[in-house]
Structure formats: C-alpha cells, structure tokens
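Data file: protein.cif. Format and content: mmCIF, C-alpha atoms.
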data_target
#
loop_
_atom_site.group_PDB
_atom_site.id
_atom_site.type_symbol
_atom_site.label_atom_id
_atom_site.label_comp_id
_atom_site.auth_asym_id
_atom_site.auth_seq_id
_atom_site.Cartn_x
_atom_site.Cartn_y
_atom_site.Cartn_z
ATOM 1 C CA MET A 1 17.102 11.104 -9.266
ATOM 2 C CA ILE A 2 15.311 9.396 -6.391
ATOM 3 C CA LEU A 3 15.636 5.600 -6.303
ATOM 4 C CA ILE A 4 12.676 3.724 -4.828
ATOM 5 C CA THR A 5 13.219 0.019 -4.259
ATOM 6 C CA GLY A 6 10.025 -1.996 -4.196
ATOM 7 C CA GLY A 7 8.622 0.843 -6.277
ATOM 8 C CA ALA A 8 6.030 -1.340 -7.996
ATOM 9 C CA GLY A 9 4.845 -2.724 -4.679
ATOM 10 C CA PHE A 10 2.101 -1.511 -2.395
ATOM 11 C CA ILE A 11 3.665 1.277 -0.343
ATOM 12 C CA GLY A 12 6.377 1.977 -2.910
ATOM 13 C CA SER A 13 3.945 2.682 -5.756
ATOM 14 C CA ASN A 14 1.915 5.001 -3.531
ATOM 15 C CA ILE A 15 5.117 6.872 -2.661
ATOM 16 C CA ILE A 16 5.926 7.286 -6.367
ATOM 17 C CA ALA A 17 2.442 8.626 -7.086
ATOM 18 C CA ALA A 18 2.809 11.176 -4.284
ATOM 19 C CA LEU A 19 6.302 12.180 -5.429
ATOM 20 C CA GLU A 20 4.963 12.834 -8.918
ATOM 21 C CA GLU A 21 2.110 14.895 -7.506
ATOM 22 C CA ALA A 22 4.643 16.876 -5.462
ATOM 23 C CA GLY A 23 6.623 17.747 -8.596
ATOM 24 C CA TYR A 24 9.466 15.209 -8.508
ATOM 25 C CA THR A 25 10.242 14.175 -12.088
ATOM 26 C CA ASP A 26 13.300 11.900 -12.020
ATOM 27 C CA LEU A 27 12.150 8.676 -10.368
ATOM 28 C CA ALA A 28 13.687 5.236 -10.785
ATOM 29 C CA ILE A 29 12.436 2.001 -9.286
ATOM 30 C CA ALA A 30 14.043 -1.330 -8.519
ATOM 31 C CA ASP A 31 11.531 -4.168 -8.415
ATOM 32 C CA THR A 32 10.394 -7.456 -9.872
ATOM 33 C CA LEU A 33 7.151 -7.178 -11.824
ATOM 34 C CA GLY A 34 6.580 -10.890 -12.378
ATOM 35 C CA THR A 35 3.765 -12.357 -14.444
ATOM 36 C CA ASP A 36 0.730 -11.061 -12.555
ATOM 37 C CA GLU A 37 -0.795 -7.582 -12.731
ATOM 38 C CA LYS A 38 1.648 -5.853 -10.396
ATOM 39 C CA TRP A 39 2.664 -3.634 -13.322
ATOM 40 C CA LYS A 40 -0.680 -1.879 -13.017
ATOM 41 C CA ASN A 41 0.561 -0.278 -9.782
ATOM 42 C CA ILE A 42 2.916 1.877 -11.848
ATOM 43 C CA ALA A 43 0.951 2.077 -15.107
ATOM 44 C CA LYS A 44 0.068 5.738 -14.516
ATOM 45 C CA ARG A 45 3.571 6.816 -13.597
ATOM 46 C CA THR A 46 6.395 8.358 -15.642
ATOM 47 C CA LEU A 47 9.646 6.668 -14.641
ATOM 48 C CA SER A 48 13.293 7.231 -15.497
ATOM 49 C CA ALA A 49 14.235 3.575 -15.077
ATOM 50 C CA ILE A 50 12.915 0.198 -13.956
ATOM 51 C CA ILE A 51 15.718 -1.980 -12.623
ATOM 52 C CA GLU A 52 15.521 -5.658 -11.825
ATOM 53 C CA PRO A 53 16.930 -6.280 -8.322
ATOM 54 C CA ALA A 54 19.674 -8.507 -9.746
ATOM 55 C CA ASP A 55 20.907 -5.530 -11.797
ATOM 56 C CA LEU A 56 20.756 -2.989 -8.987
ATOM 57 C CA THR A 57 24.438 -3.162 -8.021
ATOM 58 C CA ALA A 58 25.475 -2.452 -11.601
ATOM 59 C CA PHE A 59 22.960 0.393 -11.836
ATOM 60 C CA LEU A 60 24.339 1.982 -8.667
ATOM 61 C CA ALA A 61 27.866 1.768 -10.059
ATOM 62 C CA LYS A 62 26.803 3.355 -13.345
ATOM 63 C CA ARG A 63 24.293 5.969 -12.199
ATOM 64 C CA GLY A 64 25.293 6.510 -8.583
ATOM 65 C CA ASP A 65 26.272 10.144 -9.097
ATOM 66 C CA ASP A 66 22.731 10.933 -10.281
ATOM 67 C CA ILE A 67 20.969 9.528 -7.207
ATOM 68 C CA THR A 68 20.049 12.092 -4.558
ATOM 69 C CA ALA A 69 18.053 9.857 -2.189
ATOM 70 C CA VAL A 70 17.146 6.196 -1.713
ATOM 71 C CA ILE A 71 13.722 5.158 -0.451
ATOM 72 C CA HIS A 72 14.101 1.458 0.329
ATOM 73 C CA MET A 73 10.704 -0.255 0.441
ATOM 74 C CA GLY A 74 11.758 -3.457 -1.314
ATOM 75 C CA ALA A 75 11.555 -6.589 0.817
ATOM 76 C CA ILE A 76 10.256 -10.097 1.175
ATOM 77 C CA SER A 77 7.271 -8.923 3.195
ATOM 78 C CA ALA A 78 5.212 -12.106 3.562
ATOM 79 C CA THR A 79 4.999 -13.015 7.236
ATOM 80 C CA THR A 80 4.444 -16.624 6.141
ATOM 81 C CA GLU A 81 7.661 -16.882 4.072
ATOM 82 C CA THR A 82 9.869 -19.669 5.465
ATOM 83 C CA ASP A 83 12.925 -19.403 3.175
ATOM 84 C CA ALA A 84 15.188 -17.612 5.644
ATOM 85 C CA ASP A 85 18.115 -17.467 3.194
ATOM 86 C CA LEU A 86 15.973 -15.631 0.642
ATOM 87 C CA ILE A 87 14.748 -13.279 3.352
ATOM 88 C CA VAL A 88 18.301 -12.497 4.477
ATOM 89 C CA ARG A 89 19.511 -11.827 0.921
ATOM 90 C CA THR A 90 16.646 -9.457 0.239
ATOM 91 C CA ASN A 91 15.874 -7.838 3.581
ATOM 92 C CA VAL A 92 19.319 -7.715 5.166
ATOM 93 C CA THR A 93 22.178 -8.036 2.659
ATOM 94 C CA LEU A 94 20.673 -5.732 0.023
ATOM 95 C CA SER A 95 19.563 -3.259 2.696
ATOM 96 C CA TRP A 96 23.104 -3.021 4.041
ATOM 97 C CA GLU A 97 24.495 -2.559 0.526
ATOM 98 C CA LEU A 98 22.157 0.408 0.076
ATOM 99 C CA TRP A 99 23.095 1.774 3.517
ATOM 100 C CA GLU A 100 26.767 1.721 2.512
ATOM 101 C CA PHE A 101 25.988 3.296 -0.877
ATOM 102 C CA CYS A 102 24.104 6.166 0.775
ATOM 103 C CA THR A 103 26.907 6.557 3.300
ATOM 104 C CA ARG A 104 29.517 6.907 0.560
ATOM 105 C CA ARG A 105 27.351 9.354 -1.360
ATOM 106 C CA GLN A 106 26.130 11.182 1.763
ATOM 107 C CA ILE A 107 22.515 11.111 0.627
ATOM 108 C CA PRO A 108 19.286 10.308 2.525
ATOM 109 C CA PHE A 109 18.374 6.676 3.167
ATOM 110 C CA ILE A 110 14.744 6.096 4.163
ATOM 111 C CA TYR A 111 13.883 2.455 4.686
ATOM 112 C CA ALA A 112 10.971 0.249 5.686
ATOM 113 C CA SER A 113 11.275 -1.465 9.015
ATOM 114 C CA SER A 114 8.116 -3.054 10.423
ATOM 115 C CA ALA A 115 5.868 -3.341 13.448
ATOM 116 C CA ALA A 116 6.533 -7.078 13.093
ATOM 117 C CA THR A 117 9.826 -6.400 14.884
ATOM 118 C CA TYR A 118 7.842 -6.030 18.128
ATOM 119 C CA GLY A 119 6.614 -9.610 18.136
ATOM 120 C CA ALA A 120 3.728 -10.112 20.558
ATOM 121 C CA GLY A 121 4.402 -6.722 22.123
ATOM 122 C CA GLU A 122 5.779 -7.987 25.408
ATOM 123 C CA ASN A 123 8.317 -5.136 25.263
ATOM 124 C CA ASN A 124 5.664 -2.627 24.183
ATOM 125 C CA PHE A 125 5.572 -0.816 20.834
ATOM 126 C CA THR A 126 7.989 2.007 21.577
ATOM 127 C CA ASP A 127 10.283 3.102 18.755
ATOM 128 C CA ARG A 128 13.334 3.436 20.955
ATOM 129 C CA ASN A 129 16.737 3.511 19.309
ATOM 130 C CA ASP A 130 18.891 2.133 22.109
ATOM 131 C CA LEU A 131 20.533 -1.211 21.407
ATOM 132 C CA PRO A 132 19.473 -3.013 24.620
ATOM 133 C CA TYR A 133 15.829 -2.395 23.735
ATOM 134 C CA LEU A 134 16.264 -3.381 20.076
ATOM 135 C CA LYS A 135 18.045 -6.584 21.139
ATOM 136 C CA ALA A 136 15.229 -7.467 23.547
ATOM 137 C CA LEU A 137 12.563 -7.546 20.821
ATOM 138 C CA ARG A 138 11.363 -11.021 19.850
ATOM 139 C CA PRO A 139 9.629 -11.130 16.435
ATOM 140 C CA LEU A 140 7.242 -13.997 15.763
ATOM 141 C CA ASN A 141 8.380 -14.824 12.209
ATOM 142 C CA ALA A 142 11.412 -14.705 9.923
ATOM 143 C CA TYR A 143 10.217 -11.530 8.192
ATOM 144 C CA GLY A 144 9.969 -9.640 11.491
ATOM 145 C CA TRP A 145 13.333 -11.036 12.578
ATOM 146 C CA SER A 146 15.028 -9.809 9.379
ATOM 147 C CA LYS A 147 13.692 -6.294 9.901
ATOM 148 C CA ALA A 148 14.737 -6.322 13.550
ATOM 149 C CA LEU A 149 18.197 -7.570 12.576
ATOM 150 C CA PHE A 150 18.746 -4.727 10.123
ATOM 151 C CA ASP A 151 17.603 -2.161 12.706
ATOM 152 C CA ARG A 152 20.168 -3.607 15.135
ATOM 153 C CA MET A 153 22.885 -3.512 12.467
ATOM 154 C CA VAL A 154 22.172 0.169 11.866
ATOM 155 C CA TYR A 155 22.250 1.132 15.518
ATOM 156 C CA THR A 156 25.279 -1.030 16.248
ATOM 157 C CA ALA A 157 27.162 0.870 13.545
ATOM 158 C CA LEU A 158 25.937 4.211 14.885
ATOM 159 C CA ALA A 159 26.921 3.303 18.455
ATOM 160 C CA ALA A 160 30.401 2.429 17.212
ATOM 161 C CA GLY A 161 30.720 5.847 15.595
ATOM 162 C CA LYS A 162 30.945 4.474 12.078
ATOM 163 C CA PRO A 163 30.079 6.633 9.045
ATOM 164 C CA HIS A 164 26.411 6.828 8.132
ATOM 165 C CA PRO A 165 24.198 8.420 5.470
ATOM 166 C CA ARG A 166 23.463 12.126 5.676
ATOM 167 C CA GLN A 167 19.942 11.152 6.766
ATOM 168 C CA TYR A 168 18.761 7.723 7.913
ATOM 169 C CA ALA A 169 15.179 6.931 8.845
ATOM 170 C CA GLY A 170 13.702 3.510 9.554
ATOM 171 C CA LEU A 171 9.907 3.400 9.419
ATOM 172 C CA LYS A 172 8.093 0.774 11.474
ATOM 173 C CA PHE A 173 4.890 0.506 9.492
ATOM 174 C CA PHE A 174 1.941 -0.991 11.339
ATOM 175 C CA ASN A 175 -1.070 -2.560 9.548
ATOM 176 C CA VAL A 176 -1.158 -0.604 6.299
ATOM 177 C CA TYR A 177 -4.155 -0.678 3.944
ATOM 178 C CA GLY A 178 -4.973 1.142 0.725
ATOM 179 C CA PRO A 179 -4.835 1.010 -3.084
ATOM 180 C CA ASN A 180 -2.259 -0.987 -5.068
ATOM 181 C CA GLU A 181 -2.061 -3.895 -2.641
ATOM 182 C CA TYR A 182 -4.052 -6.242 -4.882
ATOM 183 C CA HIS A 183 -1.047 -8.294 -6.032
ATOM 184 C CA LYS A 184 -0.228 -9.327 -2.459
ATOM 185 C CA GLY A 185 -2.601 -12.303 -2.379
ATOM 186 C CA GLY A 186 -2.956 -13.647 1.145
ATOM 187 C CA GLN A 187 -0.933 -10.722 2.491
ATOM 188 C CA LYS A 188 -3.491 -8.119 1.413
ATOM 189 C CA SER A 189 -5.166 -6.089 4.130
ATOM 190 C CA VAL A 190 -8.351 -7.415 5.688
ATOM 191 C CA VAL A 191 -10.283 -4.587 4.020
ATOM 192 C CA ALA A 192 -9.233 -5.800 0.572
ATOM 193 C CA HIS A 193 -10.031 -9.403 1.504
ATOM 194 C CA ILE A 194 -13.529 -8.784 2.802
ATOM 195 C CA PHE A 195 -14.652 -6.130 0.311
ATOM 196 C CA PRO A 196 -15.966 -8.564 -2.357
ATOM 197 C CA ASN A 197 -18.290 -10.145 0.227
ATOM 198 C CA VAL A 198 -19.436 -6.733 1.438
ATOM 199 C CA ARG A 199 -20.108 -5.596 -2.130
ATOM 200 C CA ASP A 200 -21.990 -8.785 -2.960
ATOM 201 C CA GLY A 201 -24.223 -8.735 0.112
ATOM 202 C CA LYS A 202 -22.566 -11.712 1.788
ATOM 203 C CA THR A 203 -21.464 -12.298 5.369
ATOM 204 C CA VAL A 204 -17.883 -11.425 6.288
ATOM 205 C CA GLU A 205 -16.042 -13.967 8.438
ATOM 206 C CA LEU A 206 -13.294 -12.876 10.822
ATOM 207 C CA PHE A 207 -10.936 -15.113 12.772
ATOM 208 C CA LYS A 208 -12.105 -16.476 16.090
ATOM 209 C CA SER A 209 -10.104 -15.580 19.175
ATOM 210 C CA TYR A 210 -8.139 -18.267 20.994
ATOM 211 C CA ARG A 211 -7.606 -16.241 24.146
ATOM 212 C CA PRO A 212 -10.282 -16.274 26.853
ATOM 213 C CA ASP A 213 -9.791 -12.565 27.571
ATOM 214 C CA VAL A 214 -10.396 -11.512 23.936
ATOM 215 C CA ARG A 215 -13.755 -11.956 22.242
ATOM 216 C CA ASP A 216 -14.041 -13.105 18.641
ATOM 217 C CA GLY A 217 -13.318 -10.192 16.309
ATOM 218 C CA GLU A 218 -11.958 -8.043 19.123
ATOM 219 C CA GLN A 219 -8.297 -8.668 18.308
ATOM 220 C CA LEU A 220 -6.733 -5.221 18.041
ATOM 221 C CA ARG A 221 -4.464 -3.676 15.435
ATOM 222 C CA ASP A 222 -3.190 -0.225 14.567
ATOM 223 C CA PHE A 223 -4.635 0.029 11.043
ATOM 224 C CA VAL A 224 -2.967 2.854 9.106
ATOM 225 C CA TRP A 225 -4.046 4.408 5.794
ATOM 226 C CA VAL A 226 -1.272 4.160 3.202
ATOM 227 C CA GLY A 227 -1.621 7.885 2.495
ATOM 228 C CA ASP A 228 -0.408 8.628 6.009
ATOM 229 C CA CYS A 229 2.662 6.437 5.482
ATOM 230 C CA VAL A 230 3.411 8.296 2.270
ATOM 231 C CA ARG A 231 3.062 11.694 3.955
ATOM 232 C CA VAL A 232 5.668 10.675 6.521
ATOM 233 C CA VAL A 233 8.121 9.690 3.773
ATOM 234 C CA LEU A 234 7.653 12.962 1.893
ATOM 235 C CA TRP A 235 7.972 14.927 5.124
ATOM 236 C CA LEU A 236 11.292 13.219 5.839
ATOM 237 C CA LEU A 237 12.583 14.128 2.369
ATOM 238 C CA LYS A 238 11.799 17.760 3.151
ATOM 239 C CA HIS A 239 13.518 17.520 6.560
ATOM 240 C CA PRO A 240 16.932 15.951 5.870
ATOM 241 C CA ASP A 241 18.091 16.908 9.357
ATOM 242 C CA VAL A 242 15.719 14.321 10.872
ATOM 243 C CA SER A 243 17.051 10.809 11.431
ATOM 244 C CA GLY A 244 15.909 7.933 13.608
ATOM 245 C CA LEU A 245 13.650 4.929 13.955
ATOM 246 C CA PHE A 246 9.982 5.865 13.830
ATOM 247 C CA ASN A 247 6.673 4.078 14.273
ATOM 248 C CA VAL A 248 4.136 4.847 11.558
ATOM 249 C CA GLY A 249 0.576 4.126 12.626
ATOM 250 C CA THR A 250 -2.411 6.015 13.972
ATOM 251 C CA GLY A 251 -1.547 5.608 17.633
ATOM 252 C CA ARG A 252 -4.939 3.989 18.263
ATOM 253 C CA ALA A 253 -5.649 0.261 18.233
ATOM 254 C CA ARG A 254 -8.965 -0.795 16.689
ATOM 255 C CA SER A 255 -10.648 -4.175 16.412
ATOM 256 C CA PHE A 256 -11.141 -6.255 13.302
ATOM 257 C CA TYR A 257 -14.864 -5.988 14.032
ATOM 258 C CA ASP A 258 -14.550 -2.178 13.828
ATOM 259 C CA LEU A 259 -12.732 -2.519 10.524
ATOM 260 C CA ALA A 260 -15.371 -4.812 9.051
ATOM 261 C CA ALA A 261 -18.200 -2.587 10.294
ATOM 262 C CA ALA A 262 -16.515 0.460 8.726
ATOM 263 C CA THR A 263 -16.260 -1.383 5.396
ATOM 264 C CA PHE A 264 -19.997 -2.119 5.460
ATOM 265 C CA ALA A 265 -20.692 1.516 6.429
ATOM 266 C CA ALA A 266 -18.646 2.761 3.461
ATOM 267 C CA MET A 267 -21.065 0.809 1.270
ATOM 268 C CA ASN A 268 -24.093 2.094 3.226
ATOM 269 C CA GLN A 269 -24.851 -1.393 4.522
ATOM 270 C CA SER A 270 -25.533 -2.884 7.953
ATOM 271 C CA PRO A 271 -22.808 -5.259 9.209
ATOM 272 C CA ARG A 272 -23.075 -8.988 8.494
ATOM 273 C CA ILE A 273 -20.181 -10.463 10.444
ATOM 274 C CA GLY A 274 -19.439 -14.059 11.443
ATOM 275 C CA PHE A 275 -16.377 -15.910 12.710
ATOM 276 C CA LYS A 276 -14.216 -18.763 11.446
ATOM 277 C CA ASP A 277 -11.416 -20.935 12.783
ATOM 278 C CA MET A 278 -7.914 -19.551 12.554
ATOM 279 C CA PRO A 279 -5.425 -21.874 10.803
ATOM 280 C CA GLU A 280 -3.477 -23.830 13.398
ATOM 281 C CA THR A 281 -0.193 -22.682 11.847
ATOM 282 C CA LEU A 282 -1.018 -19.082 12.834
ATOM 283 C CA ARG A 283 -2.383 -19.574 16.330
ATOM 284 C CA ASP A 284 0.943 -19.522 18.186
ATOM 285 C CA LYS A 285 2.327 -16.654 16.050
ATOM 286 C CA TYR A 286 -0.683 -14.364 16.152
ATOM 287 C CA GLN A 287 -0.546 -10.801 17.448
ATOM 288 C CA TYR A 288 -3.628 -9.940 19.486
ATOM 289 C CA TYR A 289 -2.690 -6.278 19.941
ATOM 290 C CA THR A 290 -0.591 -3.643 18.230
ATOM 291 C CA GLN A 291 -0.606 0.098 18.761
ATOM 292 C CA ALA A 292 2.012 2.525 17.544
ATOM 293 C CA ASP A 293 3.628 4.840 20.043
ATOM 294 C CA LEU A 294 4.101 7.983 17.938
ATOM 295 C CA ASN A 295 6.154 9.966 20.453
ATOM 296 C CA ALA A 296 9.390 9.770 18.450
ATOM 297 C CA LEU A 297 7.733 10.902 15.219
ATOM 298 C CA ARG A 298 5.938 13.765 16.958
ATOM 299 C CA ALA A 299 9.096 14.812 18.790
ATOM 300 C CA ALA A 300 10.914 14.932 15.457
ATOM 301 C CA GLY A 301 8.395 17.505 14.241
ATOM 302 C CA PHE A 302 5.804 15.574 12.249
ATOM 303 C CA ASP A 303 2.568 17.116 13.531
ATOM 304 C CA GLU A 304 0.068 16.190 10.820
ATOM 305 C CA PRO A 305 -3.013 14.254 12.026
ATOM 306 C CA MET A 306 -3.391 10.591 11.125
ATOM 307 C CA THR A 307 -6.463 9.408 9.238
ATOM 308 C CA SER A 308 -9.131 7.685 11.324
ATOM 309 C CA LEU A 309 -10.079 4.093 10.515
ATOM 310 C CA GLU A 310 -13.526 5.113 9.309
ATOM 311 C CA ASP A 311 -12.215 7.920 7.076
ATOM 312 C CA GLY A 312 -9.447 5.775 5.615
ATOM 313 C CA ILE A 313 -11.723 2.865 4.806
ATOM 314 C CA ARG A 314 -14.298 5.185 3.283
ATOM 315 C CA GLN A 315 -11.632 6.635 0.986
ATOM 316 C CA TYR A 316 -10.360 3.184 0.075
ATOM 317 C CA VAL A 317 -13.775 1.714 -0.651
ATOM 318 C CA GLN A 318 -15.395 4.658 -2.404
ATOM 319 C CA ASN A 319 -12.393 5.996 -4.337
ATOM 320 C CA TYR A 320 -10.721 2.698 -5.246
ATOM 321 C CA LEU A 321 -12.234 -0.686 -4.366
ATOM 322 C CA ASN A 322 -15.723 0.135 -5.559
ATOM 323 C CA THR A 323 -14.646 1.764 -8.830
ATOM 324 C CA ALA A 324 -13.793 0.538 -12.312
ATOM 325 C CA ASP A 325 -10.143 1.545 -11.773
ATOM 326 C CA PRO A 326 -8.937 0.672 -8.251
ATOM 327 C CA TYR A 327 -5.322 1.737 -8.873
ATOM 328 C CA ARG A 328 -3.738 4.940 -7.688
#
Have the structure of the file written as structure tokens, please.
Amino acid sequence: MILITGGAGFIGSNIIAALEEAGYTDLAIADTLGTDEKWKNIAKRTLSAIIEPADLTAFLAKRGDDITAVIHMGAISATTETDADLIVRTNVTLSWELWEFCTRRQIPFIYASSAATYGAGENNFTDRNDLPYLKALRPLNAYGWSKALFDRMVYTALAAGKPHPRQYAGLKFFNVYGPNEYHKGGQKSVVAHIFPNVRDGKTVELFKSYRPDVRDGEQLRDFVWVGDCVRVVLWLLKHPDVSGLFNVGTGRARSFYDLAAATFAAMNQSPRIGFKDMPETLRDKYQYYTQADLNALRAAGFDEPMTSLEDGIRQYVQNYLNTADPYR
C-alpha cells in the first residue's frame, strides 16, 4: 500500500491518477474532503482507504505493516493563512510524525516542500542541502516558514547522524498549475483564475508592478505543469536510492503576461490584457521573480524534459478547462 496524504488535493490527486495509470492498485489517502466539490478530484479513482487526518495516527498503528511508501502532500498550503498554530500542527508536527514512521519502517518518504521557502530569492533558488544555507532562507509568510522549518529539521537530524527513512526526498514545487485545483479558491493558479474571462471574450487583468524596474505584468515566475511534478514523484519511487532536497520547476522564469497570452492562444484568441491594483496586504510580501535551479534533480538522474509554458497551458485549457469534465 502507498499512503498519499493530501490525496484529494491538487497535486496529490494527480499523483494518484498517475499511480493508477502506472499499475499501482493499493492506494490509500489521508485528507479532509469538506463540504465543497473537492471529492470530485478523486471521483475516478479506486482507493483502498480514505482516512481523515485526525484518524491517521490510529491508521498507521493498525495498518503500518502494509504501507510500503508515504507520499506526503498534505499541508495548509494557503500563503495567506495566518493561524500559525494550525500551520505548525499540519505542516510540521504531522510531517515529523510521518518522518519517524517511515524511519521505523525503513520505507520511502517523499514530501512536499515549497519554493516559498526561498522568500524573495535574496539567497537565490538553489536546492542546496547544507544547513547554513537552509538557515539563511527567509520566507515571506507563515506557510513558507513552516516548509523551511521542516526542511531544517530533516537536515539537522541527518547532520547529527540520526536514523532516517530508507529514502527521503523533499520537493520544492514552484508555481504549479493544472487540473484538480478548482477547490483552492483564491489559491488557484492564475491560469484557472483568468480562464473564464478568456472563454467569455473579456479582458484579463493582471496585477500592476510596484517596482520601477519591473513593468506591469512582467513579474516573473517558474510556472510548472502538474504533470511534470507527478513524473518526478513517480521517478523517485522507481529510484529508491535517490534522496535529497530537489527543486521542481521548469528552470525558466516566465512573465504573467506570457502566461495570459498563452491562455488566449490556447483558445485561438488575441490577448486582451489590462492591469489592476495589487492588494496592499500583498505588496510587501510579493515575489517578483522565481526560477528553479534544477541542477540537483538533474545530477540525481532525472533527465526528462520539462513541459514548456505554452504546451502546458494548451493541455490544461483544451483537455480540461474548456471541457464538460475538467477533472483528471
């Protein structure tokens, strides 16, 4: 059995779909479905168990011998969440419990870190594993801090020579977009946010820039297709000798204007793009540039090409967003 926490979420549900397609048959998820339509993310899947997070400890005690790997995608992932105690319980305490479980069982532990750990990027976006570098990172919000804290906990334990899982891999996902993110509300990708306006022939409005050296719409991100993130996870499962902290992006920063233009192009339309004020609460916490350094992932042996922004958005729009059934 493979346990996927956050399995009904965005990246988690895409991982489950890919595992099924690859022939894995014993899949269990730990997640909260809530009262919205998040359940639709897993409606096409065959699952061995769905565990509420509050019952996860008991499930591990009862079924621990059956679990052969843990893919830990569950987290409070909203960058705007301000309840730091809730974030710590979910993103740090539970993560460490799973780390210890995988250590005792000597099974792989693949977990979601985040590009949010890099903050504004003043220390670059290099997925180094040394503690001085990890301690120097300054995330801009509590979510990023929690992910950075867990990374430091892992590498502090490793530096001290403490026991660890057979395989451990932290994945610093950059700006992921793709199907099954619809339940995320304000945290959905920009593609998902602007698509209704594109479809309906309306103008798309991007945030203005508040830096004199960056034009409106030219803020840069490493936008990564969720399918690429999934391929990295499945590759790690097939290479249990690979451990480390790895960036997962395309390795190429693109502008929000490029993203919007690609969304219009996927609908065979000319761009209609305007600009709006950014909320004041975001202006001092806003990243103007992210770009994944993929050297660690490539050095580990992952040599598959990453999907270009235009190709990824075309797949997303034409195969999901602009169809009667947008779920994977």
* Evaluate the PyMOL selection byres ((chain A and resi 147) around 8) here and jot the selected residues down as a ChimeraX atom specification. => /A:91-92,113-114,116-117,143-146,148-151
Any chance you can output those residues with C-alpha atoms as a JSON list (two decimals), in the frame of the given file?
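Once everything was written out, this is out.json:
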[["chain", "number", "residue", "atom", "x", "y", "z"],
["A", 91, "ASN", "CA", 15.87, -7.84, 3.58],
["A", 92, "VAL", "CA", 19.32, -7.72, 5.17],
["A", 113, "SER", "CA", 11.28, -1.46, 9.02],
["A", 114, "SER", "CA", 8.12, -3.05, 10.42],
["A", 116, "ALA", "CA", 6.53, -7.08, 13.09],
["A", 117, "THR", "CA", 9.83, -6.40, 14.88],
["A", 143, "TYR", "CA", 10.22, -11.53, 8.19],
["A", 144, "GLY", "CA", 9.97, -9.64, 11.49],
["A", 145, "TRP", "CA", 13.33, -11.04, 12.58],
["A", 146, "SER", "CA", 15.03, -9.81, 9.38],
["A", 148, "ALA", "CA", 14.74, -6.32, 13.55],
["A", 149, "LEU", "CA", 18.20, -7.57, 12.58],
["A", 150, "PHE", "CA", 18.75, -4.73, 10.12],
["A", 151, "ASP", "CA", 17.60, -2.16, 12.71]]
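Matched in the shown structure by the PyMOL selection byres ((chain A and resi 229) around 9): A:Ile11, A:Ile15, A:Leu171, A:Phe173, A:Val176, A:Val224, A:Trp225, A:Val226, A:Gly227, A:Asp228, A:Val230, A:Arg231, A:Val232, A:Val233, A:Leu234, A:Val248, A:Gly249.
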* With a distance cut-off of 8 Å and only C-alpha atoms, select the neighbouring residues of His183 in chain A, excluding the residue or stretch itself and same-chain residues fewer than 2 positions from it, and output the selection as a list in words. => Asp36, Glu37, Lys38, Asn180, Glu181, Gly185 and Lys188 of chain A
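CA of Phe10 in chain A is positioned 12.1 Å from CA of Ala112 in chain A.
Interatomic distance, CA of His239 in chain A to CA of Phe125 in chain A: 24.6 Å.
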Within 7 Å of (21.5, 11.6, 6.9) in the file's own coordinates, which protein, DNA or RNA residues have an atom, counting only C-alpha atoms? List them as a compact mmCIF listing (two decimals) with C-alpha atoms, keeping the file's coordinate frame.
# COMPACT_ATOMS: atom_id res chain seq x y z
CA GLN A 106 26.13 11.18 1.76
CA ILE A 107 22.52 11.11 0.63
CA PRO A 108 19.29 10.31 2.52
CA PHE A 109 18.37 6.68 3.17
CA HIS A 164 26.41 6.83 8.13
CA PRO A 165 24.20 8.42 5.47
CA ARG A 166 23.46 12.13 5.68
CA GLN A 167 19.94 11.15 6.77
CA TYR A 168 18.76 7.72 7.91
CA PRO A 240 16.93 15.95 5.87
CA ASP A 241 18.09 16.91 9.36
CA SER A 243 17.05 10.81 11.43
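With CA of Gly186 in chain A on one side and CA of Arg254 in chain A on the other, the separation reads 21.0 Å.
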* Apply the PyMOL selection byres ((chain A and resi 71) around 7) to the file shown and report the selected residues as a ChimeraX atom specification. => /A:3-5,69-70,72-73,109-111
Each residue of range 238-265 of chain A with at least one atom at most 10 Å from range 309-313 of chain A should appear once, together with its nearest atom pair and the corresponding distance in Å (one decimal); atoms considered: only C-alpha atoms; ordering: chain, then increasing residue number; output as a tab-separated table.
residue	atom	partner	partner_atom	distance
A:Thr250	CA	A:Leu309	CA	8.6
A:Arg252	CA	A:Leu309	CA	9.3
A:Ala253	CA	A:Leu309	CA	9.7
A:Arg254	CA	A:Leu309	CA	8.0
A:Asp258	CA	A:Leu309	CA	8.4
A:Leu259	CA	A:Leu309	CA	7.1
A:Ala260	CA	A:Ile313	CA	9.5
A:Ala261	CA	A:Glu310	CA	9.1
A:Ala262	CA	A:Glu310	CA	5.6
A:Thr263	CA	A:Ile313	CA	6.2
A:Phe264	CA	A:Ile313	CA	9.7
A:Ala265	CA	A:Glu310	CA	8.5
Filtering to C-alpha atoms, could you give me those residues as a short mmCIF file (atom, residue, chain, number, x, y, z; two decimals), in the frame of the given file?
data_model
loop_
_atom_site.label_atom_id
_atom_site.label_comp_id
_atom_site.auth_asym_id
_atom_site.auth_seq_id
_atom_site.Cartn_x
_atom_site.Cartn_y
_atom_site.Cartn_z
CA THR A 250 -2.41 6.02 13.97
CA ARG A 252 -4.94 3.99 18.26
CA ALA A 253 -5.65 0.26 18.23
CA ARG A 254 -8.96 -0.80 16.69
CA ASP A 258 -14.55 -2.18 13.83
CA LEU A 259 -12.73 -2.52 10.52
CA ALA A 260 -15.37 -4.81 9.05
CA ALA A 261 -18.20 -2.59 10.29
CA ALA A 262 -16.52 0.46 8.73
CA THR A 263 -16.26 -1.38 5.40
CA PHE A 264 -20.00 -2.12 5.46
CA ALA A 265 -20.69 1.52 6.43
#
* **Protein, DNA and RNA residues within 10 Å of (28.7, 12.5, -4.2), all atoms listed in the file, as a ChimeraX atom specification** => /A:64-68,102-107
Size and centre in Å, one decimal, axis-aligned box, all listed range 266-280 of chain A atoms plus 8 Å per side, as JSON:
{"center_x": -14.5, "center_y": -10.5, "center_z": 7.3, "size_x": 38.1, "size_y": 42.6, "size_z": 28.1}
